[in-house]
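**Student:** Attaching a single structure in structure tokens format; questions to follow.
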Amino acid sequence: MTAKAIFEKLLLAFGQESFPAFDAEAKQPLLTVAVDKLVEICIFLKQDPDLAFDLLNNLSGVDFGPEVQTKAVFYHLTSLFHEHQLGLKVEVPRSGEVAVPSVAGVWRTADWHEREAFDLVGIPFSGHPDLRRILMPEDWPGHPLEKDYQEPEFFHGIQVAYEAPASRPEEAGPPDLGSN
């Protein structure tokens with residue numbers, strides 16, 4: 001099934017207001033989904049026999065920065081049976097006031113991916129079964145992949161920033177041994 005046919009099927013089921021944007025020409029077609037319809041649409045994408053998106057390949061969070069004031073979550077879906085793919089995107093305000101509904105109940109692989117997006121980008125996921133940091137310590141300040149993140153100088157008395165020593169001329173490489 002083509003991306004356009006998938007989109008038309010979703011339009012019939014959910015209406016235009018559920019999809020702010022669609023890029024059918026992208027290498028992996030990308031469909032922007034209204035955040036309040038995300039879980040319902042994901043369940044439909046997985047359970048509809050013509051679509052059967054049984055694999056969430058990846059989920060990643062992106063911070064578009066303080067100028068844009070939005071963050072987004074990208075979902076890369078595959079139907080192994082039908083051999084078609086689709087990308088979904090939801091956008092939320094950068095403030096964190098709006099949480100993205102968790103799809104961990106739809107695809108188990110979302111569990112750790114959502115934790116990573118929460119930990120590194122600061123995107124909250126409502127309804128997640130265990131939303132806590134996964135890569136950084138629980139009390140780490142901020143989220144390292146936010147565009148305006150400031151790395152702390154010290155964490156629990158330990159210097160965080162590492163400065164490599166300046167290289168010395170004798171460390172420039174192996175000596176020239178001639179042509180013999």
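Following the order of the structure tokens, first chain is A, next is B, and so on, with residues numbered from 1 inside each chain and ligands from 1 in the order they appear.
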So that each row is one residue of region 65-158 of chain A with an atom at most 9 Å from region 7-28 of chain A, can you give its shortest atom pair and the distance in Å to one decimal, using only C-alpha atoms, rows by chain and rising number, as a Markdown table?
**Tutor:**
```
| residue | atom | partner | partner_atom | distance |
| --- | --- | --- | --- | --- |
| A:His76 | CA | A:Gln28 | CA | 8.5 |
| A:Gln85 | CA | A:Gln28 | CA | 6.8 |
| A:Leu86 | CA | A:Gln28 | CA | 6.2 |
| A:Gly87 | CA | A:Gln28 | CA | 6.3 |
```
**Student:** I'd like to know which residues of chain A are strand (DSSP E or B) (by DSSP, run on the backbone); could you write them as a VMD selection string?
**Tutor:** chain A and resid 21 to 23 30 to 32 55 to 63 70 to 79 84 to 93 100 to 101 125 to 126 154 to 155 158 to 159
**Student:** So that I have them on file, write out the residues from the current selection with N, CA and C atoms, as a CSV table (one decimal), in the first residue's frame.
**Tutor:**
```csv
chain,number,residue,atom,x,y,z
A,21,ALA,N,-0.3,17.9,8.9
A,21,ALA,CA,0.6,17.9,7.7
A,21,ALA,C,0.9,16.5,7.3
A,22,PHE,N,1.2,16.3,6.0
A,22,PHE,CA,1.6,15.1,5.4
A,22,PHE,C,2.6,15.3,4.3
A,23,ASP,N,3.7,14.6,4.3
A,23,ASP,CA,4.7,14.7,3.2
A,23,ASP,C,4.9,13.4,2.6
A,30,LEU,N,6.1,11.1,5.8
A,30,LEU,CA,6.0,11.6,7.2
A,30,LEU,C,4.6,12.2,7.3
A,31,LEU,N,3.9,11.7,8.3
A,31,LEU,CA,2.5,12.2,8.7
A,31,LEU,C,2.6,12.8,10.0
A,32,THR,N,2.2,14.1,10.1
A,32,THR,CA,2.1,14.8,11.4
A,32,THR,C,0.7,14.5,12.0
A,55,LEU,N,5.6,-3.2,13.7
A,55,LEU,CA,7.0,-2.9,14.2
A,55,LEU,C,7.2,-1.4,14.4
A,56,LEU,N,7.5,-0.9,15.6
A,56,LEU,CA,8.0,0.4,15.8
A,56,LEU,C,9.5,0.3,15.7
A,57,ASN,N,10.1,0.7,14.6
A,57,ASN,CA,11.6,0.6,14.4
A,57,ASN,C,12.3,1.5,15.4
A,58,ASN,N,11.8,2.8,15.5
A,58,ASN,CA,12.5,3.8,16.3
A,58,ASN,C,11.5,4.9,16.7
A,59,LEU,N,11.9,5.5,17.7
A,59,LEU,CA,11.2,6.6,18.2
A,59,LEU,C,12.2,7.6,18.7
A,60,SER,N,12.2,8.8,18.3
A,60,SER,CA,13.2,9.8,18.7
A,60,SER,C,12.6,11.1,19.0
A,61,GLY,N,13.2,11.8,20.0
A,61,GLY,CA,12.8,13.1,20.3
A,61,GLY,C,13.7,14.2,19.8
A,62,VAL,N,13.2,15.3,19.4
A,62,VAL,CA,14.0,16.4,18.9
A,62,VAL,C,13.5,17.7,19.5
A,63,ASP,N,14.5,18.5,19.9
A,63,ASP,CA,14.2,19.9,20.4
A,63,ASP,C,14.6,20.8,19.2
A,70,THR,N,9.3,24.5,20.1
A,70,THR,CA,8.6,23.2,20.0
A,70,THR,C,9.6,22.1,20.1
A,71,LYS,N,9.1,21.0,20.5
A,71,LYS,CA,9.8,19.7,20.5
A,71,LYS,C,8.9,18.7,19.7
A,72,ALA,N,9.5,17.7,19.2
A,72,ALA,CA,8.8,16.7,18.4
A,72,ALA,C,9.2,15.3,18.7
A,73,VAL,N,8.3,14.4,18.5
A,73,VAL,CA,8.7,13.0,18.6
A,73,VAL,C,8.4,12.4,17.2
A,74,PHE,N,9.4,11.6,16.7
A,74,PHE,CA,9.2,11.0,15.4
A,74,PHE,C,9.1,9.4,15.7
A,75,TYR,N,8.2,8.8,15.0
A,75,TYR,CA,7.9,7.4,15.1
A,75,TYR,C,8.2,6.8,13.7
A,76,HIS,N,9.0,5.8,13.6
A,76,HIS,CA,9.3,5.1,12.3
A,76,HIS,C,8.6,3.7,12.4
A,77,LEU,N,7.6,3.5,11.6
A,77,LEU,CA,6.8,2.3,11.6
A,77,LEU,C,7.0,1.4,10.4
A,78,THR,N,6.9,0.1,10.6
A,78,THR,CA,7.0,-0.8,9.5
A,78,THR,C,6.0,-1.9,9.6
A,79,SER,N,5.4,-2.3,8.5
A,79,SER,CA,4.6,-3.5,8.5
A,79,SER,C,5.4,-4.6,7.8
A,84,HIS,N,5.4,-2.2,4.1
A,84,HIS,CA,5.4,-0.8,3.9
A,84,HIS,C,5.8,0.0,5.1
A,85,GLN,N,6.2,1.2,5.0
A,85,GLN,CA,6.7,2.0,6.1
A,85,GLN,C,6.0,3.3,6.1
A,86,LEU,N,6.0,3.9,7.3
A,86,LEU,CA,5.4,5.2,7.5
A,86,LEU,C,6.1,5.9,8.7
A,87,GLY,N,6.3,7.2,8.6
A,87,GLY,CA,6.8,8.0,9.7
A,87,GLY,C,5.7,8.8,10.3
A,88,LEU,N,5.6,8.9,11.6
A,88,LEU,CA,4.7,9.8,12.3
A,88,LEU,C,5.5,10.8,13.0
A,89,LYS,N,4.8,12.0,13.2
A,89,LYS,CA,5.5,13.1,14.0
A,89,LYS,C,4.4,13.7,14.8
A,90,VAL,N,4.7,14.0,16.1
A,90,VAL,CA,3.9,14.8,16.9
A,90,VAL,C,4.7,16.0,17.5
A,91,GLU,N,4.1,17.1,17.5
A,91,GLU,CA,4.8,18.3,18.1
A,91,GLU,C,4.1,18.8,19.4
A,92,VAL,N,5.0,19.2,20.3
A,92,VAL,CA,4.4,19.7,21.6
A,92,VAL,C,5.2,21.0,21.9
A,93,PRO,N,4.6,21.9,22.7
A,93,PRO,CA,5.4,23.1,23.2
A,93,PRO,C,6.6,22.7,23.9
A,100,VAL,N,3.3,14.1,25.6
A,100,VAL,CA,2.9,13.2,24.5
A,100,VAL,C,2.4,11.9,25.1
A,101,PRO,N,1.2,11.4,24.7
A,101,PRO,CA,0.7,10.2,25.2
A,101,PRO,C,1.7,9.0,24.8
A,125,PHE,N,6.0,12.0,28.7
A,125,PHE,CA,5.1,11.0,28.1
A,125,PHE,C,4.1,10.6,29.1
A,126,SER,N,2.8,11.0,28.9
A,126,SER,CA,1.7,10.7,29.8
A,126,SER,C,1.3,9.2,29.6
A,154,PHE,N,30.3,21.1,37.8
A,154,PHE,CA,30.5,20.0,38.7
A,154,PHE,C,29.2,19.3,39.0
A,155,PHE,N,29.3,18.0,39.3
A,155,PHE,CA,28.1,17.2,39.6
A,155,PHE,C,28.5,16.3,40.8
A,158,ILE,N,32.2,16.4,41.6
A,158,ILE,CA,33.1,15.9,40.5
A,158,ILE,C,33.0,16.8,39.3
A,159,GLN,N,34.2,17.1,38.8
A,159,GLN,CA,34.3,18.0,37.6
A,159,GLN,C,33.7,17.2,36.4
```
**Student:** Name the closest residue to Lys147 (chain A) among the candidates A:Leu135, A:Val35, A:Val68, A:Leu80; distances are taken between atoms, counting only C-alpha atoms.
**Tutor:**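 Counting only C-alpha atoms, the residue closest to Lys147 (chain A) is A:Val68.
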**Student:** Closest to Met136 (chain A) among A:Tyr149, A:Asp119, A:Val39, A:Thr2, using only C-alpha atoms?
**Tutor:** A:Asp119
**Student:** From region 110-161 of chain A, collect each residue whose DSSP state is helix (DSSP H, G or I) and return the set as a PyMOL selection string.
**Tutor:** chain A and resi 110-121
**Student:** Nearest to Leu45 (chain A): which of A:Trp107, A:Ser102, A:Pro124, A:Ala117 is it, counting only C-alpha atoms?
**Tutor:**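 Of A:Trp107, A:Ser102, A:Pro124, A:Ala117, the one nearest Leu45 (chain A), counting only C-alpha atoms, is A:Trp107.
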**Student:** State, in Å with one decimal place, the distance from CA of Leu131 (chain A) to CA of Glu67 (chain A).
**Tutor:**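 Between CA of Leu131 (chain A) and CA of Glu67 (chain A) the gap works out to 27.5 Å.
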**Student:** May I have the residues within 10 Å of region 47-50 of chain A as a PDB file with N, CA, C and O atoms, in the first residue's frame, using only C-alpha atoms and disregarding those fewer than 2 positions away in the same chain?
**Tutor:**
```
ATOM      1  N   MET A   1       0.855  -1.180   0.000  1.00  0.00           N
ATOM      2  CA  MET A   1       0.000   0.000   0.000  1.00  0.00           C
ATOM      3  C   MET A   1       0.897   1.238   0.000  1.00  0.00           C
ATOM      4  O   MET A   1       1.867   1.309   0.743  1.00  0.00           O
ATOM      5  N   ILE A   6      -2.404   4.920   2.421  1.00  0.00           N
ATOM      6  CA  ILE A   6      -2.455   4.820   3.888  1.00  0.00           C
ATOM      7  C   ILE A   6      -3.047   6.098   4.466  1.00  0.00           C
ATOM      8  O   ILE A   6      -3.931   6.063   5.328  1.00  0.00           O
ATOM      9  N   LYS A   9      -6.779   6.347   3.891  1.00  0.00           N
ATOM     10  CA  LYS A   9      -7.500   5.456   4.808  1.00  0.00           C
ATOM     11  C   LYS A   9      -7.605   6.093   6.199  1.00  0.00           C
ATOM     12  O   LYS A   9      -8.652   6.043   6.850  1.00  0.00           O
ATOM     13  N   ILE A  41      -4.739   6.599  16.830  1.00  0.00           N
ATOM     14  CA  ILE A  41      -4.247   6.392  15.458  1.00  0.00           C
ATOM     15  C   ILE A  41      -3.225   5.253  15.428  1.00  0.00           C
ATOM     16  O   ILE A  41      -3.251   4.406  14.523  1.00  0.00           O
ATOM     17  N   CYS A  42      -2.344   5.193  16.426  1.00  0.00           N
ATOM     18  CA  CYS A  42      -1.338   4.119  16.465  1.00  0.00           C
ATOM     19  C   CYS A  42      -1.991   2.748  16.624  1.00  0.00           C
ATOM     20  O   CYS A  42      -1.562   1.775  15.989  1.00  0.00           O
ATOM     21  N   ILE A  43      -3.015   2.660  17.450  1.00  0.00           N
ATOM     22  CA  ILE A  43      -3.742   1.391  17.596  1.00  0.00           C
ATOM     23  C   ILE A  43      -4.359   0.987  16.258  1.00  0.00           C
ATOM     24  O   ILE A  43      -4.271  -0.171  15.841  1.00  0.00           O
ATOM     25  N   PHE A  44      -4.962   1.944  15.566  1.00  0.00           N
ATOM     26  CA  PHE A  44      -5.556   1.683  14.258  1.00  0.00           C
ATOM     27  C   PHE A  44      -4.488   1.213  13.272  1.00  0.00           C
ATOM     28  O   PHE A  44      -4.700   0.238  12.536  1.00  0.00           O
ATOM     29  N   LEU A  45      -3.352   1.897  13.243  1.00  0.00           N
ATOM     30  CA  LEU A  45      -2.266   1.526  12.334  1.00  0.00           C
ATOM     31  C   LEU A  45      -1.769   0.107  12.589  1.00  0.00           C
ATOM     32  O   LEU A  45      -1.407  -0.615  11.659  1.00  0.00           O
ATOM     33  N   ALA A  52      -1.466  -3.042   9.317  1.00  0.00           N
ATOM     34  CA  ALA A  52      -0.671  -3.986  10.122  1.00  0.00           C
ATOM     35  C   ALA A  52       0.739  -3.495  10.432  1.00  0.00           C
ATOM     36  O   ALA A  52       1.717  -4.204  10.225  1.00  0.00           O
ATOM     37  N   PHE A  53       0.835  -2.268  10.937  1.00  0.00           N
ATOM     38  CA  PHE A  53       2.146  -1.752  11.344  1.00  0.00           C
ATOM     39  C   PHE A  53       2.531  -2.414  12.666  1.00  0.00           C
ATOM     40  O   PHE A  53       2.225  -1.922  13.747  1.00  0.00           O
ATOM     41  N   ASP A  54       3.186  -3.556  12.548  1.00  0.00           N
ATOM     42  CA  ASP A  54       3.501  -4.365  13.717  1.00  0.00           C
ATOM     43  C   ASP A  54       4.858  -4.043  14.339  1.00  0.00           C
ATOM     44  O   ASP A  54       5.196  -4.567  15.390  1.00  0.00           O
ATOM     45  N   SER A  79       5.388  -2.296   8.503  1.00  0.00           N
ATOM     46  CA  SER A  79       4.557  -3.492   8.460  1.00  0.00           C
ATOM     47  C   SER A  79       5.419  -4.584   7.844  1.00  0.00           C
ATOM     48  O   SER A  79       5.756  -4.512   6.655  1.00  0.00           O
ATOM     49  N   PHE A  81       4.520  -7.655   7.387  1.00  0.00           N
ATOM     50  CA  PHE A  81       3.667  -8.460   6.518  1.00  0.00           C
ATOM     51  C   PHE A  81       3.454  -7.787   5.163  1.00  0.00           C
ATOM     52  O   PHE A  81       3.595  -8.404   4.119  1.00  0.00           O
ATOM     53  N   HIS A  82       3.096  -6.498   5.181  1.00  0.00           N
ATOM     54  CA  HIS A  82       2.798  -5.788   3.933  1.00  0.00           C
ATOM     55  C   HIS A  82       4.021  -5.098   3.321  1.00  0.00           C
ATOM     56  O   HIS A  82       3.946  -4.593   2.204  1.00  0.00           O
ATOM     57  N   VAL A 106       1.036   0.092  22.889  1.00  0.00           N
ATOM     58  CA  VAL A 106       0.782  -0.345  21.513  1.00  0.00           C
ATOM     59  C   VAL A 106       1.976  -1.173  21.018  1.00  0.00           C
ATOM     60  O   VAL A 106       1.803  -2.276  20.501  1.00  0.00           O
TER      61      VAL A 106
END
```
**Student:** For the atom pair CA of Arg94 (chain A) and CA of Arg133 (chain A), what is the interatomic distance in Å to one decimal place?
**Tutor:**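 These atoms are spaced 18.4 Å apart.
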**Student:** What gap, in Å, lies between CA of Pro152 (chain A) and CA of Asp139 (chain A)?
**Tutor:**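 We find that CA of Pro152 (chain A) and CA of Asp139 (chain A) lie 12.2 Å from each other.
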**Student:** Select, from A:Gly105, A:Ala5, A:Gln69, A:Glu116, the residue with the minimum atom-to-atom distance to His128 (chain A), counting only C-alpha atoms.
**Tutor:**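 Among A:Gly105, A:Ala5, A:Gln69, A:Glu116, it is A:Gly105 that comes nearest to His128 (chain A).
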